[in-house]
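Novice: Can you keep this structure in mind? I'll have questions shortly.
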Amino acid sequence: MSVVGWDASHGEFTIEDYYYFSKLRKFAEREDIEIYEIKNFSKLGEYDIIVFNYPEKDFKSQEVSKIKRWLKTGKRIIFAAYYSNMDGVAERINKVLAKMEVPVRINNDVIMDPENNYNDMLFPRGKYKEYTVVMPCSASVTARDNIMISSFESARSHPTGSENPAFGVKLNMGGELIILGTCVFWDNFAIEIESNKILALDLLKI
């Protein structure tokens with residue numbers, strides 16, 4: 001069984017929101033994954049998988065220290081942002097990464113794909129393992145390597161025009177640190193498109 005702590009102490013989209021995340025919870029329960037909304041930051045340390053899905057409040061220095069310590073003990077920690085630094089979320093996550101000296105950055109852009117998309121250039125398809133996923137309204141994630149979700153050749157980040165933008169990366173830091181450019185790939189609309197359900201459940205399984 002996987003037990004997930006879904007943070008609610010930094011103004012994130014709540015897992016308890018039936019309109020957005022009831023399908024994710026339902027699919028998770030079928031796979032013996034329990035997801036708990038956690039309003040007390042310190043209690044997140046009790047969970048093996050921790051999710052920060054669109055944090056809208058800054059992280060304190062002592063909180064960043066705890067995140068770094070949790071990673072060292074083998075936990076998986078997931079940060080999910082959104083395109084164009086909406087509500088300052090990407091930059092807020094970037095500050096955490098910088099304090100942790102992690103060589104990853106979420107960019108102030110949006111990935112668009114005129115050829116490989118789900119009916120809209122802002123719903124680009126990506127590649128995860130042998131699967132095709134859809135990553136709506138995603139910023140690109142810059143990293144030296146450790147790409148977890150890549151784009152198709154026709155994708156570009158806008159406004160920079162960068163080629164081969166990445167949707168997500170995974171770094172091994174004792175545990176796993178996963179940085180995603182979008183937080184809505186697993187909402188009620190997107191989770192049943194392509195292989196998004198597989199990606200979502202893989203993220204929440206030990």
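In the structure tokens, chains take the letters A, B, ... in the order shown, each chain's residues start at 1, and ligands count up from 1 in the order shown.
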For Ile77 (chain A), please output as a list of chain:residue names all residues within 9 Å (counting only C-alpha atoms; exclusion window: fewer than 3 positions along the same chain).
Specialist: A:Asp48, A:Ile49, A:Ile50, A:Val51, A:Phe52, A:Ile67, A:Trp70, A:Leu71, A:Gly175, A:Glu176, A:Leu177, A:Ile178, A:Ile179
Novice: Do you have, as a Markdown table, the list of residues of region 23-141 of chain A lying at most 10 Å from region 161-171 of chain A, each with its nearest atom pair and that distance in Å to one decimal, counting only C-alpha atoms and ordered by chain then number?
Specialist:
```
| residue | atom | partner | partner_atom | distance |
| --- | --- | --- | --- | --- |
| A:Arg76 | CA | A:Lys170 | CA | 9.8 |
| A:Ile77 | CA | A:Lys170 | CA | 9.8 |
| A:Ile78 | CA | A:Lys170 | CA | 9.1 |
| A:Phe79 | CA | A:Gly168 | CA | 9.8 |
| A:Ala80 | CA | A:Gly168 | CA | 9.0 |
| A:Val102 | CA | A:Leu171 | CA | 9.0 |
| A:Pro103 | CA | A:Leu171 | CA | 9.8 |
| A:Val104 | CA | A:Val169 | CA | 8.4 |
| A:Ile106 | CA | A:Gly168 | CA | 9.2 |
| A:Asp109 | CA | A:Gly161 | CA | 9.6 |
| A:Val110 | CA | A:Pro165 | CA | 9.5 |
| A:Ile111 | CA | A:Pro165 | CA | 7.1 |
| A:Met112 | CA | A:Gly161 | CA | 9.5 |
| A:Pro124 | CA | A:Phe167 | CA | 9.8 |
| A:Arg125 | CA | A:Phe167 | CA | 9.8 |
| A:Gly126 | CA | A:Phe167 | CA | 7.5 |
| A:Lys127 | CA | A:Phe167 | CA | 9.1 |
| A:Tyr128 | CA | A:Gly168 | CA | 9.4 |
| A:Val134 | CA | A:Phe167 | CA | 10.0 |
| A:Met135 | CA | A:Phe167 | CA | 7.3 |
| A:Pro136 | CA | A:Phe167 | CA | 9.9 |
| A:Ser138 | CA | A:Phe167 | CA | 6.8 |
| A:Ala139 | CA | A:Phe167 | CA | 7.0 |
| A:Ser140 | CA | A:Ala166 | CA | 5.4 |
| A:Val141 | CA | A:Ala166 | CA | 5.4 |
```
Novice: Would you give me, as a VMD selection string, the residues in region 1-182 of chain A that DSSP reads as strand (DSSP E or B)?
Specialist: chain A and resid 2 to 7 33 to 38 49 to 53 76 to 80 104 to 106 110 to 112 117 124 to 128 131 to 134 141 to 143 147 to 151 156 to 158 163 166 to 173 175 to 180
Novice: With C-alpha atoms kept, could you save the residues just selected as an mmCIF file, in the first residue's frame?
Specialist:
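This went into result14.cif:
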```
data_model
loop_
_atom_site.group_PDB
_atom_site.id
_atom_site.type_symbol
_atom_site.label_atom_id
_atom_site.label_comp_id
_atom_site.auth_asym_id
_atom_site.auth_seq_id
_atom_site.Cartn_x
_atom_site.Cartn_y
_atom_site.Cartn_z
ATOM 1 C CA SER A 2 1.131 3.538 -0.802
ATOM 2 C CA VAL A 3 0.167 6.343 1.564
ATOM 3 C CA VAL A 4 0.443 9.853 0.132
ATOM 4 C CA GLY A 5 0.572 13.169 1.960
ATOM 5 C CA TRP A 6 -0.972 15.871 -0.273
ATOM 6 C CA ASP A 7 0.055 19.244 1.092
ATOM 7 C CA ILE A 33 -3.139 4.032 -2.750
ATOM 8 C CA GLU A 34 -4.420 6.236 0.061
ATOM 9 C CA ILE A 35 -4.162 10.015 -0.355
ATOM 10 C CA TYR A 36 -4.539 12.322 2.639
ATOM 11 C CA GLU A 37 -4.847 16.098 2.600
ATOM 12 C CA ILE A 38 -2.331 17.477 5.097
ATOM 13 C CA ILE A 49 5.202 10.242 -0.918
ATOM 14 C CA ILE A 50 4.604 13.993 -0.578
ATOM 15 C CA VAL A 51 2.835 16.159 -3.172
ATOM 16 C CA PHE A 52 3.002 19.942 -3.569
ATOM 17 C CA ASN A 53 0.457 20.600 -6.308
ATOM 18 C CA ARG A 76 9.473 10.793 -2.953
ATOM 19 C CA ILE A 77 8.613 14.482 -3.214
ATOM 20 C CA ILE A 78 6.627 15.899 -6.129
ATOM 21 C CA PHE A 79 6.373 19.563 -7.105
ATOM 22 C CA ALA A 80 3.883 20.448 -9.846
ATOM 23 C CA VAL A 104 16.623 22.325 -12.079
ATOM 24 C CA ARG A 105 14.447 25.281 -13.053
ATOM 25 C CA ILE A 106 10.812 25.651 -14.082
ATOM 26 C CA VAL A 110 4.478 27.369 -22.041
ATOM 27 C CA ILE A 111 5.063 24.286 -24.172
ATOM 28 C CA MET A 112 3.064 24.271 -27.403
ATOM 29 C CA ASN A 117 -1.528 17.608 -29.253
ATOM 30 C CA PRO A 124 0.784 18.901 -26.053
ATOM 31 C CA ARG A 125 1.507 15.216 -26.028
ATOM 32 C CA GLY A 126 4.610 13.960 -24.282
ATOM 33 C CA LYS A 127 6.558 10.738 -23.881
ATOM 34 C CA TYR A 128 6.720 8.902 -20.557
ATOM 35 C CA TYR A 131 3.579 5.700 -23.060
ATOM 36 C CA THR A 132 2.093 8.806 -24.624
ATOM 37 C CA VAL A 133 0.668 11.334 -22.157
ATOM 38 C CA VAL A 134 -0.953 14.767 -22.456
ATOM 39 C CA VAL A 141 11.578 22.257 -17.006
ATOM 40 C CA THR A 142 15.307 22.805 -17.544
ATOM 41 C CA ALA A 143 17.722 20.198 -16.225
ATOM 42 C CA ILE A 147 14.346 13.834 -18.023
ATOM 43 C CA MET A 148 11.238 11.921 -16.972
ATOM 44 C CA ILE A 149 8.679 13.245 -19.465
ATOM 45 C CA SER A 150 9.938 14.509 -22.823
ATOM 46 C CA SER A 151 8.213 16.257 -25.722
ATOM 47 C CA ARG A 156 8.485 24.367 -28.730
ATOM 48 C CA SER A 157 8.475 26.490 -25.600
ATOM 49 C CA HIS A 158 6.984 29.950 -26.029
ATOM 50 C CA GLU A 163 13.408 22.985 -28.930
ATOM 51 C CA ALA A 166 10.928 18.767 -21.082
ATOM 52 C CA PHE A 167 7.686 18.412 -19.125
ATOM 53 C CA GLY A 168 9.232 16.809 -16.072
ATOM 54 C CA VAL A 169 12.389 15.511 -14.457
ATOM 55 C CA LYS A 170 13.212 13.005 -11.716
ATOM 56 C CA LEU A 171 16.336 13.243 -9.576
ATOM 57 C CA ASN A 172 17.635 10.664 -7.136
ATOM 58 C CA MET A 173 18.601 12.395 -3.900
ATOM 59 C CA GLY A 175 14.685 9.545 -2.306
ATOM 60 C CA GLU A 176 13.172 10.877 -5.528
ATOM 61 C CA LEU A 177 12.573 14.535 -6.326
ATOM 62 C CA ILE A 178 10.100 14.971 -9.191
ATOM 63 C CA ILE A 179 9.536 18.376 -10.810
ATOM 64 C CA LEU A 180 6.633 18.781 -13.229
#
```
Novice: Taking only C-alpha atoms into account, name the residue in A:Tyr82, A:Phe152, A:Phe59, A:Phe123 that is nearest to Cys183 (chain A).
Specialist: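 Closest to Cys183 (chain A), using only C-alpha atoms: A:Tyr82.
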Novice: Could you give me, as a JSON list (two decimals) with N, CA and C atoms, in the first residue's frame, each residue of region 92-166 of chain A that DSSP assigns to helix (DSSP H, G or I) when run on this structure's backbone?
Specialist:
```json
[["chain", "number", "residue", "atom", "x", "y", "z"],
["A", 92, "ARG", "N", 8.15, 30.24, -7.11],
["A", 92, "ARG", "CA", 8.13, 29.80, -5.71],
["A", 92, "ARG", "C", 8.82, 28.44, -5.57],
["A", 93, "ILE", "N", 8.52, 27.54, -6.49],
["A", 93, "ILE", "CA", 9.18, 26.23, -6.47],
["A", 93, "ILE", "C", 10.66, 26.38, -6.79],
["A", 94, "ASN", "N", 10.98, 27.27, -7.73],
["A", 94, "ASN", "CA", 12.39, 27.49, -8.08],
["A", 94, "ASN", "C", 13.21, 27.96, -6.88],
["A", 95, "LYS", "N", 12.61, 28.76, -6.02],
["A", 95, "LYS", "CA", 13.31, 29.23, -4.82],
["A", 95, "LYS", "C", 13.64, 28.06, -3.90],
["A", 96, "VAL", "N", 12.71, 27.11, -3.79],
["A", 96, "VAL", "CA", 12.98, 25.91, -2.99],
["A", 96, "VAL", "C", 14.14, 25.13, -3.60],
["A", 97, "LEU", "N", 14.10, 24.95, -4.92],
["A", 97, "LEU", "CA", 15.15, 24.19, -5.60],
["A", 97, "LEU", "C", 16.50, 24.87, -5.45],
["A", 98, "ALA", "N", 16.51, 26.20, -5.54],
["A", 98, "ALA", "CA", 17.77, 26.94, -5.40],
["A", 98, "ALA", "C", 18.35, 26.77, -4.00],
["A", 99, "LYS", "N", 17.49, 26.86, -2.98],
["A", 99, "LYS", "CA", 17.96, 26.69, -1.60],
["A", 99, "LYS", "C", 18.50, 25.29, -1.35]]
```
Novice: Mind checking which residues fall within 12 Å of Glu63 (chain A), counting only C-alpha atoms, ignoring those fewer than 3 positions away in the same chain, and posting them as a ChimeraX atom specification?
Specialist: /A:9-10,40-45,57-60,66-70,96,99-100
Novice: Counting only C-alpha atoms, give me one row per residue of region 114-195 of chain A with an atom at most 7 Å from an atom of region 12-29 of chain A, showing the shortest contact pair and its distance in Å to one decimal, sorted by chain then residue number, as a tab-separated table.
Specialist:
```
residue	atom	partner	partner_atom	distance
A:Trp186	CA	A:Leu24	CA	6.6
A:Asp187	CA	A:Tyr20	CA	5.2
A:Asn188	CA	A:Tyr20	CA	5.1
```
Novice: Restricted to all heavy atoms, what would the selected residues look like written as a PDB file, in the first residue's frame?
Specialist:
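Produced file selection_39.pdb, reproduced below:
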```pdb
ATOM      1  N   TRP A 186      -3.353  15.396 -14.079  1.00  0.00           N
ATOM      2  CA  TRP A 186      -4.076  14.355 -13.353  1.00  0.00           C
ATOM      3  C   TRP A 186      -5.407  14.863 -12.780  1.00  0.00           C
ATOM      4  O   TRP A 186      -5.956  14.259 -11.856  1.00  0.00           O
ATOM      5  CB  TRP A 186      -3.221  13.730 -12.264  1.00  0.00           C
ATOM      6  CG  TRP A 186      -2.499  14.655 -11.310  1.00  0.00           C
ATOM      7  CD1 TRP A 186      -2.636  16.015 -11.176  1.00  0.00           C
ATOM      8  CD2 TRP A 186      -1.516  14.264 -10.348  1.00  0.00           C
ATOM      9  NE1 TRP A 186      -1.805  16.500 -10.207  1.00  0.00           N
ATOM     10  CE2 TRP A 186      -1.098  15.447  -9.678  1.00  0.00           C
ATOM     11  CE3 TRP A 186      -0.953  13.052  -9.981  1.00  0.00           C
ATOM     12  CZ2 TRP A 186      -0.134  15.423  -8.675  1.00  0.00           C
ATOM     13  CZ3 TRP A 186      -0.001  13.033  -8.982  1.00  0.00           C
ATOM     14  CH2 TRP A 186       0.396  14.207  -8.343  1.00  0.00           C
ATOM     15  N   ASP A 187      -5.929  15.953 -13.335  1.00  0.00           N
ATOM     16  CA  ASP A 187      -7.256  16.401 -12.886  1.00  0.00           C
ATOM     17  C   ASP A 187      -8.343  15.600 -13.602  1.00  0.00           C
ATOM     18  O   ASP A 187      -8.060  14.734 -14.441  1.00  0.00           O
ATOM     19  CB  ASP A 187      -7.427  17.918 -13.069  1.00  0.00           C
ATOM     20  CG  ASP A 187      -7.527  18.357 -14.527  1.00  0.00           C
ATOM     21  OD1 ASP A 187      -7.615  17.496 -15.435  1.00  0.00           O
ATOM     22  OD2 ASP A 187      -7.530  19.577 -14.766  1.00  0.00           O
ATOM     23  N   ASN A 188      -9.592  15.860 -13.255  1.00  0.00           N
ATOM     24  CA  ASN A 188     -10.692  15.045 -13.776  1.00  0.00           C
ATOM     25  C   ASN A 188     -10.810  15.081 -15.294  1.00  0.00           C
ATOM     26  O   ASN A 188     -11.276  14.123 -15.906  1.00  0.00           O
ATOM     27  CB  ASN A 188     -12.019  15.484 -13.149  1.00  0.00           C
ATOM     28  CG  ASN A 188     -12.210  14.925 -11.754  1.00  0.00           C
ATOM     29  OD1 ASN A 188     -11.397  14.142 -11.263  1.00  0.00           O
ATOM     30  ND2 ASN A 188     -13.280  15.338 -11.089  1.00  0.00           N
TER      31      ASN A 188
END
```
Novice: Here is a test: counting only C-alpha atoms, which residue of A:Ile206, A:Val184, A:Ala200, A:Cys137 is nearest to Lys75 (chain A)?
Specialist: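 Among the listed residues, A:Ile206 lies closest to Lys75 (chain A).
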Novice: Please report the interatomic distance between CA of Leu199 (chain A) and CA of Glu130 (chain A) in Å with one decimal.
Specialist: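 Computing the Euclidean distance for CA of Leu199 (chain A) and CA of Glu130 (chain A) yields 10.9 Å.
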